[in-house]
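Below is one structure, written out as structure tokens; the observations come after it.
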Amino acid sequence: MKSNKGLALIVVLWVITLLTIMASSFALTIQRESAIISGIKEKAEAQALAEAGINYAVVMLFNTNAEQQWQSTNSLYEVNYAGKNIRILIADESGKVNINYADKQQLLDLLNFAQVEEAQADSLSDAIIDWRDKDDLIGLNGAEEQQYKDAGLKYRPRNNLFNSVEELQMVLGMTPKIYQQIEDMISVYTKKAAINPATASRSVLLTLPDATEALVDEYMQQRAENQRNKQAVVAPDWYNSATATSNVYMIISEAMIERGSTAATMAVIRKGQAKNGLPFQILKWVKDYSVRSLFLPENDQWIINSDV
């Protein structure tokens with residue numbers, strides 16, 4: 001009899017232990033699912049705010065009040081909307097390396113900045129030129145149709161201008177790593193090889209002849225001060241170049257909500273009457289844009305006007 005009672009007690013204890021484990025597992029599952037749902041909600045909220053930031057930037061960029069109008073000289077702004085912070089970068093595309101018109105040296109300087117090995121940079125720059133030129137003549141270390149066939153690729157060079165910066169990924173020798181490093185430094189929206197330093201990013205400025213980190217950082221500080229004081233932004237004295245703008249702008253909007261969750265949207269717009277009656281045309285729109293966060297502490301010094 002005592003033996004049966006002992007067995008019954010053991011069974012009860014095992015049942016209690018099993019139920020406790022099941023309850024704990026269920027609670028943990030609920031907790032994890034709640035965290036996932038909360039994360040999805042925060043990401044969606046941040047994405048919506050980032051898109052709102054793009055629209056707000058367009059309004060401020062085209063504001064007819066000169067005192068309130070936002071600038072496009074690689075200008076960083078911070079605003080608060082619905083209790084959340086949004087950082088917005090506006091840059092005229094004239095400050096980028098145009099892969100349709102850049103000469104050999106500009107391409108080499110761009111690839112060298114991305115720390116591409118010298119021989120690889122030489123062949124890749126020639127392959128870029130071969131892709132966009134209208135003939136089938138092979139550059140010294142370039143690539144035309146036969147080289148693409150030999151590499152097992154099912155396409156050949158366009159032999160015409162790049163339609164998009166993404167097309168650069170198809171050039172023989174281009175790797176995902178190299179492309180990722182230079183993606184935000186290149187453009188196809190202007191029609192000149194010359195880079196406008198007044199609208200260029202720090203990365204692009206470092207590719208210019210005679211540029212050093214000290215000279216570039218000093219110039220960026222002065223440029224930021226000029227923007228804050230509503231003064232004209234001029235080219236640095238160590239780089240002789242025109243500061244013509246393009247009327248095509250890249251806008252990056254990044255929103256931050258609780259626990260540091262962020263989301264970024266990027267748009268490229270062209271100023272001018274569009275078919276839908278708007279005073280601008282959207283050329284590109286990228287959700288979940290992969291970008292080095294605008295909220296990094298190192299970017300605090302570049303904010304032109306904080307409304308937070």
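In the structure tokens, chains take the letters A, B, ... in the order shown, each chain's residues start at 1, and ligands count up from 1 in the order shown.
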
As a PDB file with all heavy atoms, in the first residue's frame, which residues of segment 230-288 of chain A does DSSP assign to strand (DSSP E)?
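Writing done, so here's out26.pdb:
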ATOM      1  N   VAL A 248      18.783  67.683 -59.693  1.00  0.00           N
ATOM      2  CA  VAL A 248      18.430  66.308 -59.333  1.00  0.00           C
ATOM      3  C   VAL A 248      18.987  66.064 -57.933  1.00  0.00           C
ATOM      4  O   VAL A 248      20.168  66.305 -57.682  1.00  0.00           O
ATOM      5  CB  VAL A 248      19.010  65.278 -60.321  1.00  0.00           C
ATOM      6  CG1 VAL A 248      18.604  63.863 -59.906  1.00  0.00           C
ATOM      7  CG2 VAL A 248      18.543  65.562 -61.741  1.00  0.00           C
ATOM      8  N   TYR A 249      18.123  65.596 -57.032  1.00  0.00           N
ATOM      9  CA  TYR A 249      18.511  65.504 -55.632  1.00  0.00           C
ATOM     10  C   TYR A 249      18.299  64.098 -55.078  1.00  0.00           C
ATOM     11  O   TYR A 249      17.291  63.457 -55.364  1.00  0.00           O
ATOM     12  CB  TYR A 249      17.692  66.491 -54.787  1.00  0.00           C
ATOM     13  CG  TYR A 249      17.629  67.886 -55.351  1.00  0.00           C
ATOM     14  CD1 TYR A 249      16.525  68.294 -56.098  1.00  0.00           C
ATOM     15  CD2 TYR A 249      18.683  68.774 -55.165  1.00  0.00           C
ATOM     16  CE1 TYR A 249      16.465  69.579 -56.625  1.00  0.00           C
ATOM     17  CE2 TYR A 249      18.627  70.058 -55.689  1.00  0.00           C
ATOM     18  CZ  TYR A 249      17.524  70.455 -56.426  1.00  0.00           C
ATOM     19  OH  TYR A 249      17.463  71.715 -56.956  1.00  0.00           O
ATOM     20  N   MET A 250      19.266  63.670 -54.277  1.00  0.00           N
ATOM     21  CA  MET A 250      19.102  62.448 -53.492  1.00  0.00           C
ATOM     22  C   MET A 250      18.668  62.864 -52.098  1.00  0.00           C
ATOM     23  O   MET A 250      19.291  63.724 -51.472  1.00  0.00           O
ATOM     24  CB  MET A 250      20.397  61.660 -53.412  1.00  0.00           C
ATOM     25  CG  MET A 250      20.298  60.406 -52.533  1.00  0.00           C
ATOM     26  SD  MET A 250      21.908  59.671 -52.128  1.00  0.00           S
ATOM     27  CE  MET A 250      22.584  60.901 -51.003  1.00  0.00           C
ATOM     28  N   ILE A 251      17.590  62.245 -51.615  1.00  0.00           N
ATOM     29  CA  ILE A 251      17.106  62.520 -50.265  1.00  0.00           C
ATOM     30  C   ILE A 251      17.100  61.199 -49.482  1.00  0.00           C
ATOM     31  O   ILE A 251      16.490  60.221 -49.920  1.00  0.00           O
ATOM     32  CB  ILE A 251      15.690  63.109 -50.271  1.00  0.00           C
ATOM     33  CG1 ILE A 251      15.646  64.381 -51.131  1.00  0.00           C
ATOM     34  CG2 ILE A 251      15.214  63.409 -48.854  1.00  0.00           C
ATOM     35  CD1 ILE A 251      14.242  64.930 -51.313  1.00  0.00           C
ATOM     36  N   ILE A 252      17.791  61.186 -48.365  1.00  0.00           N
ATOM     37  CA  ILE A 252      17.768  60.024 -47.474  1.00  0.00           C
ATOM     38  C   ILE A 252      17.089  60.443 -46.183  1.00  0.00           C
ATOM     39  O   ILE A 252      17.483  61.436 -45.559  1.00  0.00           O
ATOM     40  CB  ILE A 252      19.181  59.503 -47.166  1.00  0.00           C
ATOM     41  CG1 ILE A 252      19.887  59.067 -48.449  1.00  0.00           C
ATOM     42  CG2 ILE A 252      19.119  58.326 -46.183  1.00  0.00           C
ATOM     43  CD1 ILE A 252      21.337  58.651 -48.234  1.00  0.00           C
ATOM     44  N   SER A 253      16.069  59.722 -45.792  1.00  0.00           N
ATOM     45  CA  SER A 253      15.336  60.007 -44.566  1.00  0.00           C
ATOM     46  C   SER A 253      15.405  58.791 -43.659  1.00  0.00           C
ATOM     47  O   SER A 253      15.035  57.683 -44.058  1.00  0.00           O
ATOM     48  CB  SER A 253      13.875  60.348 -44.886  1.00  0.00           C
ATOM     49  OG  SER A 253      13.116  60.495 -43.704  1.00  0.00           O
ATOM     50  N   GLU A 254      15.888  59.001 -42.446  1.00  0.00           N
ATOM     51  CA  GLU A 254      16.001  57.902 -41.477  1.00  0.00           C
ATOM     52  C   GLU A 254      15.271  58.296 -40.196  1.00  0.00           C
ATOM     53  O   GLU A 254      15.516  59.358 -39.632  1.00  0.00           O
ATOM     54  CB  GLU A 254      17.459  57.584 -41.173  1.00  0.00           C
ATOM     55  CG  GLU A 254      17.630  56.404 -40.218  1.00  0.00           C
ATOM     56  CD  GLU A 254      19.094  56.061 -39.948  1.00  0.00           C
ATOM     57  OE1 GLU A 254      19.974  56.832 -40.392  1.00  0.00           O
ATOM     58  OE2 GLU A 254      19.343  55.049 -39.270  1.00  0.00           O
ATOM     59  N   ALA A 255      14.361  57.438 -39.769  1.00  0.00           N
ATOM     60  CA  ALA A 255      13.578  57.699 -38.562  1.00  0.00           C
ATOM     61  C   ALA A 255      14.024  56.760 -37.453  1.00  0.00           C
ATOM     62  O   ALA A 255      14.329  55.590 -37.685  1.00  0.00           O
ATOM     63  CB  ALA A 255      12.090  57.502 -38.845  1.00  0.00           C
ATOM     64  N   MET A 256      14.028  57.287 -36.226  1.00  0.00           N
ATOM     65  CA  MET A 256      14.386  56.479 -35.061  1.00  0.00           C
ATOM     66  C   MET A 256      13.244  56.501 -34.052  1.00  0.00           C
ATOM     67  O   MET A 256      12.676  57.552 -33.766  1.00  0.00           O
ATOM     68  CB  MET A 256      15.653  57.003 -34.385  1.00  0.00           C
ATOM     69  CG  MET A 256      16.012  56.253 -33.100  1.00  0.00           C
ATOM     70  SD  MET A 256      17.516  56.861 -32.292  1.00  0.00           S
ATOM     71  CE  MET A 256      18.761  56.204 -33.385  1.00  0.00           C
ATOM     72  N   THR A 262      15.559  51.856 -36.211  1.00  0.00           N
ATOM     73  CA  THR A 262      15.547  52.845 -37.282  1.00  0.00           C
ATOM     74  C   THR A 262      15.148  52.199 -38.597  1.00  0.00           C
ATOM     75  O   THR A 262      15.239  50.982 -38.768  1.00  0.00           O
ATOM     76  CB  THR A 262      16.921  53.511 -37.459  1.00  0.00           C
ATOM     77  OG1 THR A 262      17.858  52.528 -37.936  1.00  0.00           O
ATOM     78  CG2 THR A 262      17.429  54.122 -36.171  1.00  0.00           C
ATOM     79  N   ALA A 263      14.722  53.047 -39.531  1.00  0.00           N
ATOM     80  CA  ALA A 263      14.438  52.611 -40.893  1.00  0.00           C
ATOM     81  C   ALA A 263      14.726  53.791 -41.797  1.00  0.00           C
ATOM     82  O   ALA A 263      14.511  54.944 -41.422  1.00  0.00           O
ATOM     83  CB  ALA A 263      12.990  52.156 -41.043  1.00  0.00           C
ATOM     84  N   ALA A 264      15.233  53.516 -42.985  1.00  0.00           N
ATOM     85  CA  ALA A 264      15.603  54.586 -43.903  1.00  0.00           C
ATOM     86  C   ALA A 264      14.958  54.382 -45.265  1.00  0.00           C
ATOM     87  O   ALA A 264      14.784  53.248 -45.734  1.00  0.00           O
ATOM     88  CB  ALA A 264      17.121  54.654 -44.054  1.00  0.00           C
ATOM     89  N   THR A 265      14.591  55.492 -45.883  1.00  0.00           N
ATOM     90  CA  THR A 265      14.074  55.504 -47.247  1.00  0.00           C
ATOM     91  C   THR A 265      14.922  56.477 -48.062  1.00  0.00           C
ATOM     92  O   THR A 265      15.326  57.525 -47.559  1.00  0.00           O
ATOM     93  CB  THR A 265      12.598  55.943 -47.279  1.00  0.00           C
ATOM     94  OG1 THR A 265      11.806  54.969 -46.597  1.00  0.00           O
ATOM     95  CG2 THR A 265      12.091  56.065 -48.708  1.00  0.00           C
ATOM     96  N   MET A 266      15.202  56.113 -49.302  1.00  0.00           N
ATOM     97  CA  MET A 266      15.976  56.985 -50.180  1.00  0.00           C
ATOM     98  C   MET A 266      15.169  57.286 -51.432  1.00  0.00           C
ATOM     99  O   MET A 266      14.524  56.401 -51.992  1.00  0.00           O
ATOM    100  CB  MET A 266      17.301  56.332 -50.565  1.00  0.00           C
ATOM    101  CG  MET A 266      18.252  57.263 -51.338  1.00  0.00           C
ATOM    102  SD  MET A 266      17.976  57.263 -53.135  1.00  0.00           S
ATOM    103  CE  MET A 266      18.804  55.743 -53.598  1.00  0.00           C
ATOM    104  N   ALA A 267      15.209  58.536 -51.844  1.00  0.00           N
ATOM    105  CA  ALA A 267      14.524  58.934 -53.078  1.00  0.00           C
ATOM    106  C   ALA A 267      15.446  59.822 -53.891  1.00  0.00           C
ATOM    107  O   ALA A 267      16.256  60.569 -53.342  1.00  0.00           O
ATOM    108  CB  ALA A 267      13.220  59.661 -52.762  1.00  0.00           C
ATOM    109  N   VAL A 268      15.330  59.709 -55.207  1.00  0.00           N
ATOM    110  CA  VAL A 268      16.009  60.645 -56.110  1.00  0.00           C
ATOM    111  C   VAL A 268      14.919  61.361 -56.879  1.00  0.00           C
ATOM    112  O   VAL A 268      14.056  60.722 -57.490  1.00  0.00           O
ATOM    113  CB  VAL A 268      16.957  59.912 -57.086  1.00  0.00           C
ATOM    114  CG1 VAL A 268      17.585  60.923 -58.067  1.00  0.00           C
ATOM    115  CG2 VAL A 268      18.045  59.164 -56.332  1.00  0.00           C
ATOM    116  N   ILE A 269      14.934  62.686 -56.823  1.00  0.00           N
ATOM    117  CA  ILE A 269      13.897  63.462 -57.503  1.00  0.00           C
ATOM    118  C   ILE A 269      14.539  64.494 -58.429  1.00  0.00           C
ATOM    119  O   ILE A 269      15.669  64.947 -58.185  1.00  0.00           O
ATOM    120  CB  ILE A 269      12.960  64.168 -56.499  1.00  0.00           C
ATOM    121  CG1 ILE A 269      13.736  65.212 -55.697  1.00  0.00           C
ATOM    122  CG2 ILE A 269      12.300  63.156 -55.578  1.00  0.00           C
ATOM    123  CD1 ILE A 269      12.853  66.090 -54.837  1.00  0.00           C
ATOM    124  N   ARG A 270      13.818  64.834 -59.471  1.00  0.00           N
ATOM    125  CA  ARG A 270      14.273  65.887 -60.399  1.00  0.00           C
ATOM    126  C   ARG A 270      13.299  67.048 -60.339  1.00  0.00           C
ATOM    127  O   ARG A 270      12.083  66.870 -60.473  1.00  0.00           O
ATOM    128  CB  ARG A 270      14.360  65.361 -61.828  1.00  0.00           C
ATOM    129  CG  ARG A 270      14.716  66.466 -62.846  1.00  0.00           C
ATOM    130  CD  ARG A 270      14.763  65.960 -64.269  1.00  0.00           C
ATOM    131  NE  ARG A 270      16.003  65.221 -64.504  1.00  0.00           N
ATOM    132  CZ  ARG A 270      16.057  63.953 -64.899  1.00  0.00           C
ATOM    133  NH1 ARG A 270      14.929  63.273 -65.078  1.00  0.00           N
ATOM    134  NH2 ARG A 270      17.214  63.358 -65.093  1.00  0.00           N
ATOM    135  N   LYS A 271      13.827  68.228 -60.120  1.00  0.00           N
ATOM    136  CA  LYS A 271      12.994  69.423 -60.068  1.00  0.00           C
ATOM    137  C   LYS A 271      12.497  69.769 -61.466  1.00  0.00           C
ATOM    138  O   LYS A 271      13.249  69.756 -62.428  1.00  0.00           O
ATOM    139  CB  LYS A 271      13.789  70.594 -59.491  1.00  0.00           C
ATOM    140  CG  LYS A 271      12.968  71.848 -59.268  1.00  0.00           C
ATOM    141  CD  LYS A 271      13.820  72.934 -58.621  1.00  0.00           C
ATOM    142  CE  LYS A 271      13.015  74.185 -58.353  1.00  0.00           C
ATOM    143  NZ  LYS A 271      13.837  75.249 -57.705  1.00  0.00           N
ATOM    144  N   PHE A 280       7.958  68.288 -59.372  1.00  0.00           N
ATOM    145  CA  PHE A 280       9.129  67.416 -59.361  1.00  0.00           C
ATOM    146  C   PHE A 280       8.736  66.031 -59.866  1.00  0.00           C
ATOM    147  O   PHE A 280       7.563  65.662 -59.878  1.00  0.00           O
ATOM    148  CB  PHE A 280       9.709  67.300 -57.946  1.00  0.00           C
ATOM    149  CG  PHE A 280       8.774  66.639 -56.963  1.00  0.00           C
ATOM    150  CD1 PHE A 280       8.808  65.268 -56.745  1.00  0.00           C
ATOM    151  CD2 PHE A 280       7.842  67.383 -56.255  1.00  0.00           C
ATOM    152  CE1 PHE A 280       7.947  64.659 -55.847  1.00  0.00           C
ATOM    153  CE2 PHE A 280       6.972  66.789 -55.350  1.00  0.00           C
ATOM    154  CZ  PHE A 280       7.027  65.430 -55.152  1.00  0.00           C
ATOM    155  N   GLN A 281       9.750  65.274 -60.272  1.00  0.00           N
ATOM    156  CA  GLN A 281       9.532  63.911 -60.756  1.00  0.00           C
ATOM    157  C   GLN A 281      10.356  62.952 -59.902  1.00  0.00           C
ATOM    158  O   GLN A 281      11.530  63.196 -59.632  1.00  0.00           O
ATOM    159  CB  GLN A 281       9.969  63.791 -62.222  1.00  0.00           C
ATOM    160  CG  GLN A 281       9.834  62.393 -62.810  1.00  0.00           C
ATOM    161  CD  GLN A 281      10.385  62.295 -64.215  1.00  0.00           C
ATOM    162  OE1 GLN A 281      10.908  63.273 -64.754  1.00  0.00           O
ATOM    163  NE2 GLN A 281      10.280  61.131 -64.825  1.00  0.00           N
ATOM    164  N   ILE A 282       9.731  61.877 -59.476  1.00  0.00           N
ATOM    165  CA  ILE A 282      10.444  60.860 -58.695  1.00  0.00           C
ATOM    166  C   ILE A 282      11.169  59.917 -59.658  1.00  0.00           C
ATOM    167  O   ILE A 282      10.546  59.247 -60.478  1.00  0.00           O
ATOM    168  CB  ILE A 282       9.481  60.065 -57.799  1.00  0.00           C
ATOM    169  CG1 ILE A 282       8.801  60.986 -56.788  1.00  0.00           C
ATOM    170  CG2 ILE A 282      10.235  58.951 -57.071  1.00  0.00           C
ATOM    171  CD1 ILE A 282       7.744  60.313 -55.941  1.00  0.00           C
ATOM    172  N   LEU A 283      12.480  59.881 -59.566  1.00  0.00           N
ATOM    173  CA  LEU A 283      13.286  59.026 -60.436  1.00  0.00           C
ATOM    174  C   LEU A 283      13.610  57.689 -59.785  1.00  0.00           C
ATOM    175  O   LEU A 283      13.825  56.695 -60.467  1.00  0.00           O
ATOM    176  CB  LEU A 283      14.590  59.739 -60.808  1.00  0.00           C
ATOM    177  CG  LEU A 283      14.454  61.116 -61.470  1.00  0.00           C
ATOM    178  CD1 LEU A 283      15.839  61.711 -61.726  1.00  0.00           C
ATOM    179  CD2 LEU A 283      13.675  61.006 -62.778  1.00  0.00           C
ATOM    180  N   LYS A 284      13.627  57.690 -58.460  1.00  0.00           N
ATOM    181  CA  LYS A 284      14.008  56.465 -57.740  1.00  0.00           C
ATOM    182  C   LYS A 284      13.439  56.527 -56.337  1.00  0.00           C
ATOM    183  O   LYS A 284      13.396  57.600 -55.724  1.00  0.00           O
ATOM    184  CB  LYS A 284      15.533  56.349 -57.703  1.00  0.00           C
ATOM    185  CG  LYS A 284      16.079  55.030 -57.173  1.00  0.00           C
ATOM    186  CD  LYS A 284      17.594  55.022 -57.330  1.00  0.00           C
ATOM    187  CE  LYS A 284      18.214  53.724 -56.885  1.00  0.00           C
ATOM    188  NZ  LYS A 284      19.684  53.720 -57.066  1.00  0.00           N
ATOM    189  N   TRP A 285      13.002  55.370 -55.834  1.00  0.00           N
ATOM    190  CA  TRP A 285      12.448  55.297 -54.470  1.00  0.00           C
ATOM    191  C   TRP A 285      12.845  53.948 -53.883  1.00  0.00           C
ATOM    192  O   TRP A 285      12.507  52.900 -54.428  1.00  0.00           O
ATOM    193  CB  TRP A 285      10.931  55.452 -54.508  1.00  0.00           C
ATOM    194  CG  TRP A 285      10.285  55.569 -53.156  1.00  0.00           C
ATOM    195  CD1 TRP A 285      10.019  54.555 -52.284  1.00  0.00           C
ATOM    196  CD2 TRP A 285       9.828  56.766 -52.518  1.00  0.00           C
ATOM    197  NE1 TRP A 285       9.418  55.046 -51.150  1.00  0.00           N
ATOM    198  CE2 TRP A 285       9.282  56.399 -51.259  1.00  0.00           C
ATOM    199  CE3 TRP A 285       9.806  58.110 -52.889  1.00  0.00           C
ATOM    200  CZ2 TRP A 285       8.738  57.324 -50.382  1.00  0.00           C
ATOM    201  CZ3 TRP A 285       9.269  59.033 -52.014  1.00  0.00           C
ATOM    202  CH2 TRP A 285       8.731  58.643 -50.772  1.00  0.00           C
ATOM    203  N   VAL A 286      13.588  53.965 -52.790  1.00  0.00           N
ATOM    204  CA  VAL A 286      14.082  52.716 -52.193  1.00  0.00           C
ATOM    205  C   VAL A 286      13.685  52.658 -50.723  1.00  0.00           C
ATOM    206  O   VAL A 286      14.141  53.467 -49.912  1.00  0.00           O
ATOM    207  CB  VAL A 286      15.619  52.610 -52.315  1.00  0.00           C
ATOM    208  CG1 VAL A 286      16.097  51.283 -51.718  1.00  0.00           C
ATOM    209  CG2 VAL A 286      16.059  52.735 -53.763  1.00  0.00           C
TER     210      VAL A 286
END

Query - Residue list (helix (DSSP H, G or I), DSSP) for segment 189-250 of chain A, as a PyMOL selection string - result: chain A and resi 197-199+202-205+213-228

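Between Glu51 of chain A and the candidates A:Tyr81, A:Ala198, A:Val188, A:Met170, the tightest atom-to-atom separation, counting only C-alpha atoms, involves A:Tyr81.
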
Report task. Write out as a PyMOL selection string which residues come within 8 Å of segment 176-179 of chain A when counting only C-alpha atoms, dropping same-chain ones fewer than 5 positions away. Result -> chain A and resi 111+114+116+168-169

Give me a file of those residues, with N, CA, C and O atoms, as a PDB file, in the first residue's frame.
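Output contents, as saved in part_27.pdb:
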ATOM      1  N   LEU A 111      37.861  53.922 -57.213  1.00  0.00           N
ATOM      2  CA  LEU A 111      38.150  52.541 -56.827  1.00  0.00           C
ATOM      3  C   LEU A 111      39.280  52.468 -55.802  1.00  0.00           C
ATOM      4  O   LEU A 111      39.269  51.609 -54.915  1.00  0.00           O
ATOM      5  N   ALA A 114      37.929  52.983 -52.480  1.00  0.00           N
ATOM      6  CA  ALA A 114      37.281  51.759 -51.998  1.00  0.00           C
ATOM      7  C   ALA A 114      38.298  50.659 -51.689  1.00  0.00           C
ATOM      8  O   ALA A 114      37.924  49.517 -51.434  1.00  0.00           O
ATOM      9  N   VAL A 116      40.415  49.124 -53.607  1.00  0.00           N
ATOM     10  CA  VAL A 116      40.542  48.070 -54.602  1.00  0.00           C
ATOM     11  C   VAL A 116      42.005  47.974 -55.018  1.00  0.00           C
ATOM     12  O   VAL A 116      42.661  49.001 -55.260  1.00  0.00           O
ATOM     13  N   LEU A 168      25.858  48.960 -62.877  1.00  0.00           N
ATOM     14  CA  LEU A 168      27.307  48.829 -62.710  1.00  0.00           C
ATOM     15  C   LEU A 168      27.680  47.446 -62.176  1.00  0.00           C
ATOM     16  O   LEU A 168      28.789  46.954 -62.428  1.00  0.00           O
ATOM     17  N   GLN A 169      26.769  46.809 -61.473  1.00  0.00           N
ATOM     18  CA  GLN A 169      27.040  45.490 -60.906  1.00  0.00           C
ATOM     19  C   GLN A 169      27.230  44.420 -61.985  1.00  0.00           C
ATOM     20  O   GLN A 169      27.768  43.350 -61.697  1.00  0.00           O
TER      21      GLN A 169
END
